[in-house]
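Colleague: File data.tsv follows (TSV, C-alpha atoms):
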chain	number	residue	atom	x	y	z
A	6	MET	CA	-48.01	-46.32	-35.18
A	7	MET	CA	-44.66	-45.35	-36.73
A	8	CYS	CA	-44.09	-42.28	-38.85
A	9	SER	CA	-41.25	-40.72	-40.75
A	10	ARG	CA	-39.21	-37.82	-39.44
A	11	ARG	CA	-40.56	-35.57	-42.18
A	12	SER	CA	-44.24	-36.10	-41.28
A	13	PRO	CA	-45.96	-33.08	-39.74
A	14	ARG	CA	-47.03	-35.12	-36.77
A	15	CYS	CA	-43.49	-36.14	-35.92
A	16	ALA	CA	-42.27	-32.60	-36.58
A	17	GLY	CA	-44.78	-31.21	-34.10
A	18	SER	CA	-43.77	-33.78	-31.53
A	19	SER	CA	-40.10	-32.89	-31.97
A	20	THR	CA	-40.90	-29.21	-31.53
A	21	ARG	CA	-42.67	-29.83	-28.25
A	22	GLU	CA	-39.81	-31.90	-26.86
A	23	HIS	CA	-37.04	-29.44	-27.87
A	24	PRO	CA	-38.50	-25.95	-27.75
A	25	GLY	CA	-36.46	-23.11	-29.24
A	26	PRO	CA	-35.18	-20.18	-27.23
A	27	LEU	CA	-37.92	-17.99	-25.83
A	28	PRO	CA	-37.85	-14.21	-26.37
A	29	VAL	CA	-36.41	-12.09	-23.55
A	30	THR	CA	-39.21	-10.75	-21.38
A	31	VAL	CA	-39.31	-7.40	-19.61
A	32	VAL	CA	-38.44	-9.07	-16.31
A	33	ASP	CA	-35.47	-10.80	-17.92
A	34	GLY	CA	-34.30	-7.50	-19.39
A	35	VAL	CA	-34.55	-5.77	-16.01
A	36	GLN	CA	-32.51	-8.55	-14.39
A	37	ILE	CA	-29.84	-8.37	-17.08
A	38	GLY	CA	-29.66	-4.58	-16.83
A	39	ALA	CA	-29.49	-4.56	-13.03
A	40	GLY	CA	-26.80	-7.25	-13.04
A	41	ALA	CA	-24.74	-5.37	-15.63
A	42	VAL	CA	-24.95	-2.17	-13.56
A	43	ILE	CA	-23.81	-3.98	-10.40
A	44	VAL	CA	-20.88	-5.60	-12.21
A	45	LEU	CA	-19.77	-2.35	-13.87
A	46	VAL	CA	-20.03	-0.35	-10.63
A	47	THR	CA	-18.00	-2.99	-8.81
A	48	ILE	CA	-15.33	-3.02	-11.52
A	49	TYR	CA	-15.21	0.79	-11.39
A	50	ASP	CA	-14.75	0.82	-7.61
A	51	VAL	CA	-12.08	-1.90	-7.65
A	52	VAL	CA	-10.15	-0.14	-10.39
A	53	GLN	CA	-10.40	3.25	-8.67
A	54	SER	CA	-9.41	1.79	-5.29
A	55	VAL	CA	-6.63	-0.59	-6.30
A	56	VAL	CA	-5.47	-0.11	-9.88
A	57	MET	CA	-5.63	3.70	-10.10
A	58	PRO	CA	-6.00	4.77	-6.46
A	59	ARG	CA	-4.57	8.29	-6.72
A	60	PRO	CA	-7.39	10.71	-5.81
A	61	ALA	CA	-8.48	13.24	-8.40
A	62	VAL	CA	-10.87	16.17	-8.34
A	63	GLY	CA	-14.47	15.17	-8.99
A	64	ARG	CA	-13.87	11.41	-8.77
A	65	ILE	CA	-16.34	9.26	-6.89
A	66	ARG	CA	-14.75	6.64	-4.65
A	67	LEU	CA	-17.49	4.37	-3.37
A	68	SER	CA	-15.24	2.35	-1.08
A	69	PHE	CA	-13.93	5.49	0.63
A	70	THR	CA	-17.49	6.71	1.20
A	71	LEU	CA	-18.27	3.36	2.80
A	72	ILE	CA	-15.12	3.52	4.96
A	73	ARG	CA	-15.88	7.03	6.19
A	74	GLY	CA	-19.50	6.21	7.00
A	75	GLY	CA	-18.54	2.96	8.70
A	76	TRP	CA	-15.93	4.76	10.83
A	77	ARG	CA	-18.48	7.26	12.12
A	78	VAL	CA	-20.74	4.47	13.32
A	79	TRP	CA	-17.89	2.34	14.69
A	80	ARG	CA	-16.31	5.28	16.55
A	81	LYS	CA	-19.54	6.04	18.39
A	82	LEU	CA	-19.78	2.43	19.53
A	83	ALA	CA	-16.08	2.09	20.39
A	84	GLU	CA	-16.02	5.27	22.49
A	85	ARG	CA	-18.65	3.96	24.91
A	86	PRO	CA	-16.37	1.86	27.18
A	87	LYS	CA	-14.82	3.87	30.02
A	88	LYS	CA	-11.51	2.00	30.03
A	89	LEU	CA	-8.96	3.50	27.63
A	90	GLN	CA	-7.40	0.15	26.72
A	91	THR	CA	-10.80	-1.26	25.76
A	92	ARG	CA	-11.54	1.76	23.59
A	93	GLU	CA	-8.18	1.54	21.86
A	94	THR	CA	-8.64	-2.17	21.18
A	95	ALA	CA	-12.04	-1.52	19.65
A	96	MET	CA	-10.69	1.35	17.53
A	97	ALA	CA	-7.80	-0.78	16.29
A	98	ALA	CA	-10.18	-3.48	15.06
A	99	PHE	CA	-11.93	-1.18	12.59
A	100	ALA	CA	-9.36	-1.05	9.78
A	101	PRO	CA	-8.71	-4.82	9.52
A	102	MET	CA	-12.43	-5.54	9.71
A	103	MET	CA	-13.21	-2.94	7.06
A	104	LEU	CA	-10.50	-4.36	4.79
A	105	VAL	CA	-12.02	-7.84	5.00
A	106	GLY	CA	-15.47	-6.33	4.57
A	107	LEU	CA	-14.47	-4.53	1.38
A	108	LEU	CA	-13.00	-7.69	-0.12
A	109	VAL	CA	-16.13	-9.68	0.72
A	110	LEU	CA	-18.35	-6.89	-0.61
A	111	TRP	CA	-16.51	-6.75	-3.94
A	112	GLY	CA	-16.67	-10.52	-4.34
A	113	PHE	CA	-20.35	-10.76	-3.42
A	114	SER	CA	-21.22	-7.85	-5.72
A	115	PHE	CA	-19.65	-9.69	-8.63
A	116	ILE	CA	-21.52	-12.89	-7.72
A	117	ILE	CA	-24.91	-11.22	-7.34
A	118	GLY	CA	-24.42	-9.13	-10.50
A	119	TYR	CA	-23.54	-12.10	-12.70
A	120	ALA	CA	-26.31	-14.16	-11.08
A	121	LEU	CA	-28.85	-11.56	-12.19
A	122	ILE	CA	-27.43	-11.66	-15.73
A	123	PHE	CA	-27.62	-15.47	-15.80
A	124	SER	CA	-31.16	-15.33	-14.41
A	125	GLY	CA	-32.18	-13.10	-17.29
A	126	LEU	CA	-30.45	-15.46	-19.74
A	127	HIS	CA	-31.89	-18.59	-18.15
A	128	ASP	CA	-32.55	-20.23	-21.54
A	129	GLY	CA	-28.79	-20.48	-22.01
A	130	LEU	CA	-28.38	-22.68	-18.94
A	131	GLN	CA	-29.14	-26.40	-19.11
A	132	PRO	CA	-30.93	-27.59	-17.17
A	133	GLN	CA	-32.57	-24.27	-16.39
A	134	PRO	CA	-32.24	-23.28	-12.71
A	135	ASP	CA	-35.44	-23.82	-10.77
A	136	SER	CA	-34.88	-20.73	-8.57
A	137	PHE	CA	-32.70	-17.66	-8.22
A	138	GLY	CA	-30.86	-19.40	-5.39
A	139	THR	CA	-29.71	-22.08	-7.82
A	140	THR	CA	-28.59	-19.38	-10.26
A	141	LEU	CA	-26.70	-17.67	-7.43
A	142	TYR	CA	-24.99	-20.97	-6.64
A	143	PHE	CA	-24.00	-21.37	-10.29
A	144	SER	CA	-22.59	-17.81	-10.32
A	145	THR	CA	-20.61	-18.52	-7.15
A	146	GLY	CA	-19.12	-21.60	-8.75
A	147	ARG	CA	-18.00	-19.64	-11.81
A	148	MET	CA	-16.55	-16.89	-9.62
A	149	LEU	CA	-14.64	-19.22	-7.30
A	150	ALA	CA	-13.72	-21.70	-10.04
A	151	PHE	CA	-15.42	-24.81	-8.67
A	152	SER	CA	-17.67	-27.02	-10.75
A	153	VAL	CA	-21.44	-26.80	-10.39
A	154	ALA	CA	-22.79	-30.28	-11.00
A	155	GLY	CA	-25.70	-30.54	-13.39
A	156	ILE	CA	-25.76	-26.98	-14.77
A	157	GLU	CA	-23.91	-25.97	-17.92
A	158	ALA	CA	-23.78	-22.77	-19.93
A	159	THR	CA	-24.99	-23.73	-23.41
A	160	GLY	CA	-25.89	-20.41	-25.01
A	161	VAL	CA	-23.37	-18.08	-26.59
A	162	ALA	CA	-24.23	-15.23	-24.21
A	163	THR	CA	-24.15	-17.37	-21.08
A	164	ARG	CA	-20.84	-18.95	-22.08
A	165	THR	CA	-19.38	-15.50	-22.69
A	166	PHE	CA	-20.51	-14.15	-19.33
A	167	ALA	CA	-19.39	-17.32	-17.57
A	168	ALA	CA	-15.90	-16.83	-18.99
A	169	ILE	CA	-15.92	-13.13	-18.04
A	170	GLU	CA	-17.00	-13.95	-14.49
A	171	ALA	CA	-14.23	-16.52	-14.11
A	172	ALA	CA	-11.72	-13.92	-15.32
A	173	SER	CA	-13.21	-11.38	-12.91
A	174	GLY	CA	-12.69	-13.79	-10.03
A	175	PHE	CA	-9.04	-14.42	-10.86
A	176	GLY	CA	-8.46	-10.72	-11.46
A	177	LEU	CA	-10.06	-9.75	-8.15
A	178	PHE	CA	-7.97	-12.24	-6.20
A	179	ALA	CA	-4.77	-10.99	-7.87
A	180	LEU	CA	-5.65	-7.37	-7.08
A	181	VAL	CA	-6.53	-8.28	-3.50
A	182	ILE	CA	-3.10	-9.84	-2.98
A	183	SER	CA	-1.48	-6.72	-4.46
A	184	LEU	CA	-3.60	-4.48	-2.21
A	185	LEU	CA	-2.69	-6.42	0.92
A	186	PHE	CA	1.03	-6.15	0.16
A	187	SER	CA	0.71	-2.41	-0.51
A	188	LEU	CA	-1.26	-1.71	2.66
A	189	PHE	CA	0.91	-3.65	5.07
A	190	SER	CA	4.15	-2.49	3.47
A	191	SER	CA	3.05	1.14	3.85
A	192	PHE	CA	1.89	0.50	7.41
A	193	GLN	CA	5.22	-1.03	8.42
A	194	ARG	CA	7.23	1.83	6.92
A	195	ARG	CA	5.05	4.34	8.75
A	196	GLU	CA	5.29	2.64	12.12
A	197	THR	CA	9.06	2.07	11.96
A	198	ALA	CA	9.70	5.80	12.12
A	199	VAL	CA	7.00	6.30	14.76
A	200	VAL	CA	8.56	3.75	17.13
A	201	ALA	CA	12.08	5.08	16.52
A	202	LEU	CA	10.97	8.60	17.46
A	203	ASP	CA	10.10	7.47	21.00
A	204	ALA	CA	13.75	7.60	22.09
A	205	LEU	CA	13.93	11.29	21.16
A	206	ALA	CA	10.45	12.71	21.67
A	207	GLY	CA	8.97	10.39	24.31
A	208	ALA	CA	5.61	8.66	24.38
A	209	PRO	CA	3.30	10.42	23.82
A	210	PRO	CA	5.69	12.48	21.67
A	211	SER	CA	6.46	16.14	22.19
A	212	GLY	CA	8.31	18.56	19.94
A	213	VAL	CA	9.80	20.34	22.95
A	214	GLN	CA	11.12	17.07	24.35
A	215	LEU	CA	12.64	16.24	20.97
A	216	LEU	CA	14.65	19.47	21.08
A	217	GLU	CA	15.55	18.93	24.75
A	218	THR	CA	16.90	15.44	24.11
A	219	CYS	CA	19.08	16.56	21.20
A	220	ALA	CA	20.47	19.47	23.25
A	221	LYS	CA	21.12	17.60	26.49
A	222	ASP	CA	22.95	14.77	24.71
A	223	ALA	CA	24.79	17.17	22.36
A	224	MET	CA	23.28	15.72	19.18
A	225	PRO	CA	22.67	18.64	16.81
A	226	GLU	CA	23.33	16.39	13.82
A	227	GLN	CA	20.62	13.98	15.05
A	228	LEU	CA	18.08	16.81	15.05
A	229	ALA	CA	18.90	17.65	11.43
A	230	ALA	CA	18.79	13.96	10.49
A	231	THR	CA	15.40	13.61	12.18
A	232	PHE	CA	13.97	16.45	10.12
A	233	ASP	CA	15.31	14.89	6.92
A	234	GLU	CA	14.00	11.44	7.85
A	235	TRP	CA	10.54	12.70	8.70
A	236	ARG	CA	10.39	14.86	5.58
A	237	LEU	CA	10.82	11.69	3.51
A	238	TRP	CA	8.38	9.89	5.84
A	239	THR	CA	5.81	12.61	5.18
A	240	VAL	CA	6.18	12.30	1.41
A	241	ASP	CA	5.70	8.54	1.66
A	242	VAL	CA	2.61	8.91	3.84
A	243	ILE	CA	1.12	11.52	1.51
A	244	GLU	CA	1.33	9.14	-1.41
A	245	SER	CA	0.26	5.97	0.39
A	246	HIS	CA	-2.49	7.26	2.69
A	247	LEU	CA	-4.23	9.49	0.17
A	248	SER	CA	-4.12	6.65	-2.35
A	249	TYR	CA	-5.37	4.06	0.16
A	250	PRO	CA	-7.48	6.02	2.71
A	251	LEU	CA	-8.00	2.92	4.85
A	252	LEU	CA	-4.40	3.36	6.07
A	253	PHE	CA	-5.49	6.43	8.06
A	254	TYR	CA	-7.48	4.13	10.34
A	255	PHE	CA	-4.73	1.59	11.04
A	256	ARG	CA	-3.60	2.44	14.56
A	257	SER	CA	-0.14	2.04	16.05
A	258	SER	CA	0.42	-1.23	17.87
A	259	HIS	CA	2.26	0.33	20.86
A	260	ASP	CA	0.78	2.22	23.80
A	261	ASN	CA	0.94	6.03	23.81
A	262	GLU	CA	1.90	6.09	20.14
A	263	ALA	CA	0.04	7.47	17.15
A	264	TRP	CA	1.39	8.45	13.76
A	265	ALA	CA	-0.47	11.78	13.81
A	266	ASN	CA	0.97	12.72	17.21
A	267	SER	CA	4.51	11.81	16.13
A	268	PHE	CA	4.17	13.83	12.95
A	269	GLY	CA	2.84	16.78	14.94
A	270	ALA	CA	5.74	16.58	17.39
A	271	VAL	CA	8.30	16.80	14.57
A	272	MET	CA	6.37	19.67	13.01
A	273	ASP	CA	6.33	21.53	16.33
A	274	ALA	CA	10.08	21.00	16.74
A	275	ALA	CA	10.69	22.33	13.23
A	276	THR	CA	8.47	25.35	13.90
A	277	LEU	CA	10.33	26.13	17.14
A	278	VAL	CA	13.68	25.93	15.32
A	279	LEU	CA	12.42	28.32	12.64
A	280	THR	CA	10.94	30.89	15.02
A	281	THR	CA	12.38	30.58	18.51
A	282	VAL	CA	15.72	28.74	18.67
A	283	ASP	CA	18.85	30.62	17.63
A	284	GLY	CA	21.36	28.48	15.74
A	285	GLY	CA	19.39	25.31	14.96
A	286	PRO	CA	19.26	23.39	11.63
A	287	VAL	CA	17.08	26.01	9.95
A	288	GLY	CA	17.37	24.59	6.43
A	289	GLN	CA	16.20	21.10	7.35
A	290	ALA	CA	13.48	22.51	9.58
A	291	ARG	CA	12.17	24.75	6.79
A	292	LEU	CA	11.96	21.86	4.35
A	293	MET	CA	10.19	19.73	6.96
A	294	HIS	CA	7.69	22.49	7.66
A	295	LYS	CA	6.90	23.03	3.97
A	296	VAL	CA	6.33	19.35	3.23
A	297	GLY	CA	4.39	18.87	6.48
A	298	ALA	CA	2.10	21.84	5.77
A	299	HIS	CA	1.45	20.36	2.33
A	300	PHE	CA	0.46	17.05	3.92
A	301	VAL	CA	-1.88	18.72	6.38
A	302	ALA	CA	-3.52	20.74	3.58
A	303	ASP	CA	-4.09	17.51	1.64
A	304	MET	CA	-5.65	15.88	4.70
A	305	ARG	CA	-7.89	18.92	5.19
A	306	ASP	CA	-9.18	18.61	1.62
A	307	HIS	CA	-9.44	14.82	1.86
A	308	PHE	CA	-11.52	14.81	5.05
A	309	ARG	CA	-13.28	18.07	4.11
A	310	TYR	CA	-12.39	19.83	7.32
A	311	GLU	CA	-13.52	23.37	7.94
A	312	GLY	CA	-12.63	25.95	10.53
A	313	GLU	CA	-10.45	28.94	11.30
A	314	ALA	CA	-6.70	28.57	10.92
A	315	ILE	CA	-5.24	29.14	14.41
A	316	ALA	CA	-2.01	28.14	16.14
A	317	GLY	CA	-3.76	25.87	18.63
A	318	VAL	CA	-1.19	26.65	21.35
A	319	GLU	CA	-1.68	29.20	24.12
A	320	ARG	CA	0.97	31.82	24.87
A	321	GLU	CA	1.38	30.43	28.40
A	322	GLU	CA	2.29	27.04	26.93
A	323	PHE	CA	4.74	28.67	24.55
A	324	VAL	CA	6.44	30.61	27.35
A	325	GLU	CA	6.73	27.41	29.40
A	326	ALA	CA	8.30	25.63	26.42
A	327	CYS	CA	10.81	28.47	25.98
A	328	GLY	CA	11.84	28.10	29.61
A	329	ARG	CA	12.48	24.41	29.10
A	330	LEU	CA	14.54	25.08	25.98
A	331	GLU	CA	16.66	27.67	27.79
A	332	ARG	CA	17.36	25.24	30.60
A	333	ALA	CA	18.35	22.65	27.97
A	334	GLY	CA	21.01	25.06	26.68
A	335	TYR	CA	19.40	26.74	23.68
A	336	GLN	CA	19.80	30.42	22.84
A	337	LEU	CA	16.41	31.95	22.04
A	338	HIS	CA	15.18	34.90	20.00
A	339	ASN	CA	13.13	37.75	21.42
A	340	LEU	CA	10.10	36.16	23.08
A	341	ASP	CA	7.41	38.50	21.68
A	342	ARG	CA	8.69	38.29	18.14
A	343	ALA	CA	9.20	34.55	18.41
A	344	TRP	CA	5.62	34.07	19.63
A	345	GLU	CA	4.26	36.08	16.72
A	346	GLN	CA	6.20	34.05	14.15
A	347	PHE	CA	5.46	30.78	15.92
A	348	SER	CA	1.72	31.47	15.89
A	349	LEU	CA	1.84	32.34	12.19
A	350	LEU	CA	3.69	29.20	11.13
A	351	ARG	CA	1.78	26.83	13.40
A	352	SER	CA	-1.57	28.15	12.17
A	353	LYS	CA	-0.73	26.53	8.81
A	354	TYR	CA	-1.19	23.08	10.31
A	355	GLY	CA	-2.35	23.29	13.94
A	356	THR	CA	-6.13	23.43	13.41
A	357	TRP	CA	-6.28	20.72	10.76
A	358	LEU	CA	-3.90	18.40	12.61
A	359	ASN	CA	-6.02	18.68	15.75
A	360	GLN	CA	-9.15	17.94	13.74
A	361	THR	CA	-7.45	14.89	12.23
A	362	THR	CA	-6.46	13.46	15.62
A	363	LYS	CA	-9.93	14.09	17.03
A	364	GLY	CA	-11.58	12.63	13.93
A	365	LEU	CA	-9.47	9.48	14.31
A	366	SER	CA	-10.08	9.40	18.10
A	367	VAL	CA	-6.36	9.54	18.83
A	368	PRO	CA	-5.50	10.19	22.52
A	369	PRO	CA	-4.12	13.75	22.86
A	370	ALA	CA	-0.42	14.50	23.08
A	371	PRO	CA	1.32	17.74	24.13
A	372	TRP	CA	-0.02	20.54	21.91
A	373	ILE	CA	-1.81	18.02	19.68
A	374	GLY	CA	-5.37	16.73	19.72
A	375	ASP	CA	-8.27	17.66	21.98
A	376	ARG	CA	-7.35	20.95	23.67
A	377	SER	CA	-10.43	21.22	25.89
A	378	TYR	CA	-8.57	19.63	28.82
A	379	LEU	CA	-6.20	22.60	29.27
A	380	PRO	CA	-6.28	23.86	32.89
A	381	HIS	CA	-6.07	27.54	31.99
A	382	ARG	CA	-9.08	27.16	29.71
A	383	GLU	CA	-11.04	25.64	32.56
A	384	ARG	CA	-10.05	28.54	34.78
A	385	SER	CA	-11.03	31.00	32.06
A	386	ALA	CA	-14.40	29.29	31.66
A	387	ARG	CA	-15.03	29.40	35.41
A	388	GLY	CA	-14.02	33.05	35.49
A	389	ARG	CA	-16.43	33.92	32.70
A	390	GLY	CA	-19.17	31.97	34.47
A	391	GLN	CA	-18.55	33.81	37.74
A	392	ARG	CA	-18.63	37.16	35.96
A	393	ARG	CA	-21.93	36.23	34.30
A	394	VAL	CA	-23.38	35.26	37.69
A	395	ALA	CA	-22.16	38.49	39.21
Output the file's structure in the form of structure tokens.

Modeller:
Amino acid sequence: MMCSRRSPRCAGSSTREHPGPLPVTVVDGVQIGAGAVIVLVTIYDVVQSVVMPRPAVGRIRLSFTLIRGGWRVWRKLAERPKKLQTRETAMAAFAPMMLVGLLVLWGFSFIIGYALIFSGLHDGLQPQPDSFGTTLYFSTGRMLAFSVAGIEATGVATRTFAAIEAASGFGLFALVISLLFSLFSSFQRRETAVVALDALAGAPPSGVQLLETCAKDAMPEQLAATFDEWRLWTVDVIESHLSYPLLFYFRSSHDNEAWANSFGAVMDAATLVLTTVDGGPVGQARLMHKVGAHFVADMRDHFRYEGEAIAGVEREEFVEACGRLERAGYQLHNLDRAWEQFSLLRSKYGTWLNQTTKGLSVPPAPWIGDRSYLPHRERSARGRGQRRVA
């Protein structure tokens, strides 16, 4: 039997074959809301980490929280091997792995967030996905700009979000390329100065050896130039490492080298020139000390270190260093007064620098890092133990 298009019977049949859009259910609304939250949080973290990375008071940086928590777990695992080379290799793998992990996490967060939105707007996809896995596949295709055969966005909302997701994918890839260039450029600039310092301060570096080398080879101008170079190095590291905290965990590629130890050696040399050595480049040393103390204070706030501000060097070590400087040809100030001033100036960075090197699991260098190995401390501990027994 044939009927006209206007007959009620044919109209009812047409309605059953092409149903109109169904109202959004509570489940659909929850999916759309959860997806929107995931997308917005991811955009916020990417923008804070890459576009506007400079830290500010009260700002939440989700990626940095993830990096810090991941480092704590990774450090415990990496410190288990007894061989130093194995431990260092494991430590060095953290930063590159975390960088890749962050990029994958950002991309997957976008995909899962938009997939939840599309799942809530399933009426705008034709044919409608038969499962969330199919919706996730469609979202991946929009994010990575490959075609998903058989599924098209037909609704206004789904077309809009499909376009936004495609733009998010291109934007994320562009920002990732920019981030990689920034990270590796900053890393190379940092390590160039660290490697160059080996010829003056040794490996591991020492502030006393830096002064000895410049005196024995009659290079007073090189000492002043080193302070100027490392002052600029410190400013560069302040800006780059506080903006991109992952750089703190990139380790030096050469044995017995670490950026924190090299920085500490130059700071110790500057402090000795200011307090102990008579006739050194005081102006350059003072500028280096001021900028370096600023950097250490920023690291203390960044890592939330606590503790008492102490010099971190024993008087016996200081007296030994003075003897070495005298034999190198330096004229020294009064020992007692020099020790008092040295302790005061070094207390502005000694504690926090040691906490930084220990927090990053950097092998100790002279006067820098884990100080529990000092022989005179062991003797003092044994002496106290014997007195308690007596």

Colleague: Between atom CA of Glu234 of chain A and atom CA of Met272 of chain A, what distance in Å does the model show, to one decimal?

Modeller: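 Straight-line distance from atom CA of Glu234 of chain A to atom CA of Met272 of chain A works out to 12.4 Å.
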
Colleague: I need the residue nearest Val52 of chain A from this list: A:Thr70, A:Thr280, A:Thr362, A:Ser173. Use all atoms listed in the file for the distance.

Modeller: A:Ser173

Colleague: Tell me which protein, DNA and RNA residues are within 12 Å of Phe268 of chain A, counting all atoms listed in the file, leaving out same-chain ones fewer than 3 positions away, and put them as an MDAnalysis selection string.

Modeller: chainID A and resid 195:196 198:200 202:203 206 209:212 215 231:232 234:240 242 262:265 271:275 293:294 296:298 300:301 354:355 358:359 361:362 370 372:373

Colleague: Give one line per residue of segment 190-300 of chain A that approaches segment 82-103 of chain A to at most 8 Å, naming the two atoms of the closest pair and their distance in Å to one decimal, counting only C-alpha atoms; sort by chain then ascending residue number and deliver it as a tab-separated table.

Modeller:
residue	atom	partner	partner_atom	distance
A:Leu251	CA	A:Ala100	CA	6.5
A:Leu252	CA	A:Ala100	CA	7.6
A:Tyr254	CA	A:Ala100	CA	5.5
A:Phe255	CA	A:Ala100	CA	5.5
A:Arg256	CA	A:Ala97	CA	5.6

Colleague: Report as a short mmCIF file (atom, residue, chain, number, x, y, z; two decimals) with C-alpha atoms, keeping the file's coordinate frame all protein, DNA and RNA residues lying within 12 Å of Gly284 of chain A, evaluated on only C-alpha atoms, omitting residues in the same chain fewer than 4 positions from it.

Modeller:
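Final output, around.cif:
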data_model
loop_
_atom_site.label_atom_id
_atom_site.label_comp_id
_atom_site.auth_asym_id
_atom_site.auth_seq_id
_atom_site.Cartn_x
_atom_site.Cartn_y
_atom_site.Cartn_z
CA ALA A 220 20.47 19.47 23.25
CA PRO A 225 22.67 18.64 16.81
CA ALA A 229 18.90 17.65 11.43
CA LEU A 277 10.33 26.13 17.14
CA VAL A 278 13.68 25.93 15.32
CA LEU A 279 12.42 28.32 12.64
CA THR A 280 10.94 30.89 15.02
CA GLY A 288 17.37 24.59 6.43
CA ALA A 290 13.48 22.51 9.58
CA GLY A 334 21.01 25.06 26.68
CA TYR A 335 19.40 26.74 23.68
CA GLN A 336 19.80 30.42 22.84
CA LEU A 337 16.41 31.95 22.04
CA HIS A 338 15.18 34.90 20.00
#

Colleague: To one decimal place, how far is atom CA of Glu313 of chain A from atom CA of Leu349 of chain A in Å?

Modeller: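 Separating atom CA of Glu313 of chain A from atom CA of Leu349 of chain A is a distance of 12.8 Å.
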
Colleague: Residues at most 6 Å from Ile122 of chain A, counting only C-alpha atoms, excluding those fewer than 2 positions away in the same chain, as an MDAnalysis selection string?

Modeller: chainID A and resid 37 40 119:120 124:125

Colleague: May I ask for the distance between atom CA of Phe151 of chain A and atom CA of Leu185 of chain A, given in Å to one decimal place?

Modeller: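 Computed distance, atom CA of Phe151 of chain A to atom CA of Leu185 of chain A, equals 24.3 Å.
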
Colleague: Using all atoms listed in the file, which of the listed residues (A:Arg77, A:Ala333, A:Arg291, A:Arg351) sits closest to Val318 of chain A?

Modeller: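 Under the stated criterion, the closest residue is A:Arg351.
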
Colleague: Given all atoms listed in the file as the basis, pick out the residue of A:Thr356, A:Gln36, A:Ser191, A:Ser136 nearest to Ile243 of chain A.

Modeller: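 The answer is A:Ser191, which sits nearest to Ile243 of chain A.
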
Colleague: Go through A:Glu321, A:Glu170, A:Glu217, A:Glu226 one by one, measure the shortest atom-to-atom distance of each to Ile117 of chain A using all atoms listed in the file, and give the residue with the smallest value.

Modeller: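 Of all the options, A:Glu170 lies closest to Ile117 of chain A.
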
Colleague: Could I get the residues of segment 69-143 of chain A with an atom no further than 9 Å from an atom of segment 45-50 of chain A, each paired with its nearest atom pair and that distance in Å to one decimal, using all atoms listed in the file, sorted by chain and residue number, as CSV?

Modeller:
residue,atom,partner,partner_atom,distance
A:Trp111,CA,A:Thr47,CA,6.3
A:Gly112,CA,A:Thr47,CA,8.9
A:Ser114,CA,A:Thr47,CA,6.6
A:Phe115,CA,A:Thr47,CA,6.9
A:Gly118,CA,A:Leu45,CA,8.9

Colleague: Between A:Gln227, A:Leu141, A:Val35, A:Ser248, single out the one closest to Gln53 of chain A, counting all atoms listed in the file.

Modeller: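 That would be A:Ser248, the residue with the smallest distance to Gln53 of chain A.
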
Colleague: May I have the centre and edge lengths, in Å to one decimal, of an axis-aligned box around the listed atoms of segment 187-206 of chain A with 4 Å added to every side, as lines of an AutoDock Vina configuration file?

Modeller:
center_x = 6.3
center_y = 4.5
center_z = 10.8
size_x = 23.2
size_y = 24.4
size_z = 30.6

Colleague: Compile the contact shell of Leu184 of chain A as an mmCIF file with C-alpha atoms, in the frame of the given file: residues with an atom at most 12 Å away, counting all atoms listed in the file, same-chain residues fewer than 2 positions apart removed.

Modeller:
data_model
loop_
_atom_site.group_PDB
_atom_site.id
_atom_site.type_symbol
_atom_site.label_atom_id
_atom_site.label_comp_id
_atom_site.auth_asym_id
_atom_site.auth_seq_id
_atom_site.Cartn_x
_atom_site.Cartn_y
_atom_site.Cartn_z
ATOM 1 C CA VAL A 51 -12.080 -1.900 -7.650
ATOM 2 C CA VAL A 52 -10.150 -0.140 -10.390
ATOM 3 C CA SER A 54 -9.410 1.790 -5.290
ATOM 4 C CA VAL A 55 -6.630 -0.590 -6.300
ATOM 5 C CA VAL A 56 -5.470 -0.110 -9.880
ATOM 6 C CA MET A 57 -5.630 3.700 -10.100
ATOM 7 C CA PRO A 58 -6.000 4.770 -6.460
ATOM 8 C CA LEU A 104 -10.500 -4.360 4.790
ATOM 9 C CA VAL A 105 -12.020 -7.840 5.000
ATOM 10 C CA LEU A 107 -14.470 -4.530 1.380
ATOM 11 C CA LEU A 108 -13.000 -7.690 -0.120
ATOM 12 C CA LEU A 177 -10.060 -9.750 -8.150
ATOM 13 C CA PHE A 178 -7.970 -12.240 -6.200
ATOM 14 C CA ALA A 179 -4.770 -10.990 -7.870
ATOM 15 C CA LEU A 180 -5.650 -7.370 -7.080
ATOM 16 C CA VAL A 181 -6.530 -8.280 -3.500
ATOM 17 C CA ILE A 182 -3.100 -9.840 -2.980
ATOM 18 C CA PHE A 186 1.030 -6.150 0.160
ATOM 19 C CA SER A 187 0.710 -2.410 -0.510
ATOM 20 C CA LEU A 188 -1.260 -1.710 2.660
ATOM 21 C CA PHE A 189 0.910 -3.650 5.070
ATOM 22 C CA SER A 190 4.150 -2.490 3.470
ATOM 23 C CA SER A 191 3.050 1.140 3.850
ATOM 24 C CA SER A 245 0.260 5.970 0.390
ATOM 25 C CA SER A 248 -4.120 6.650 -2.350
ATOM 26 C CA TYR A 249 -5.370 4.060 0.160
ATOM 27 C CA LEU A 251 -8.000 2.920 4.850
ATOM 28 C CA LEU A 252 -4.400 3.360 6.070
#
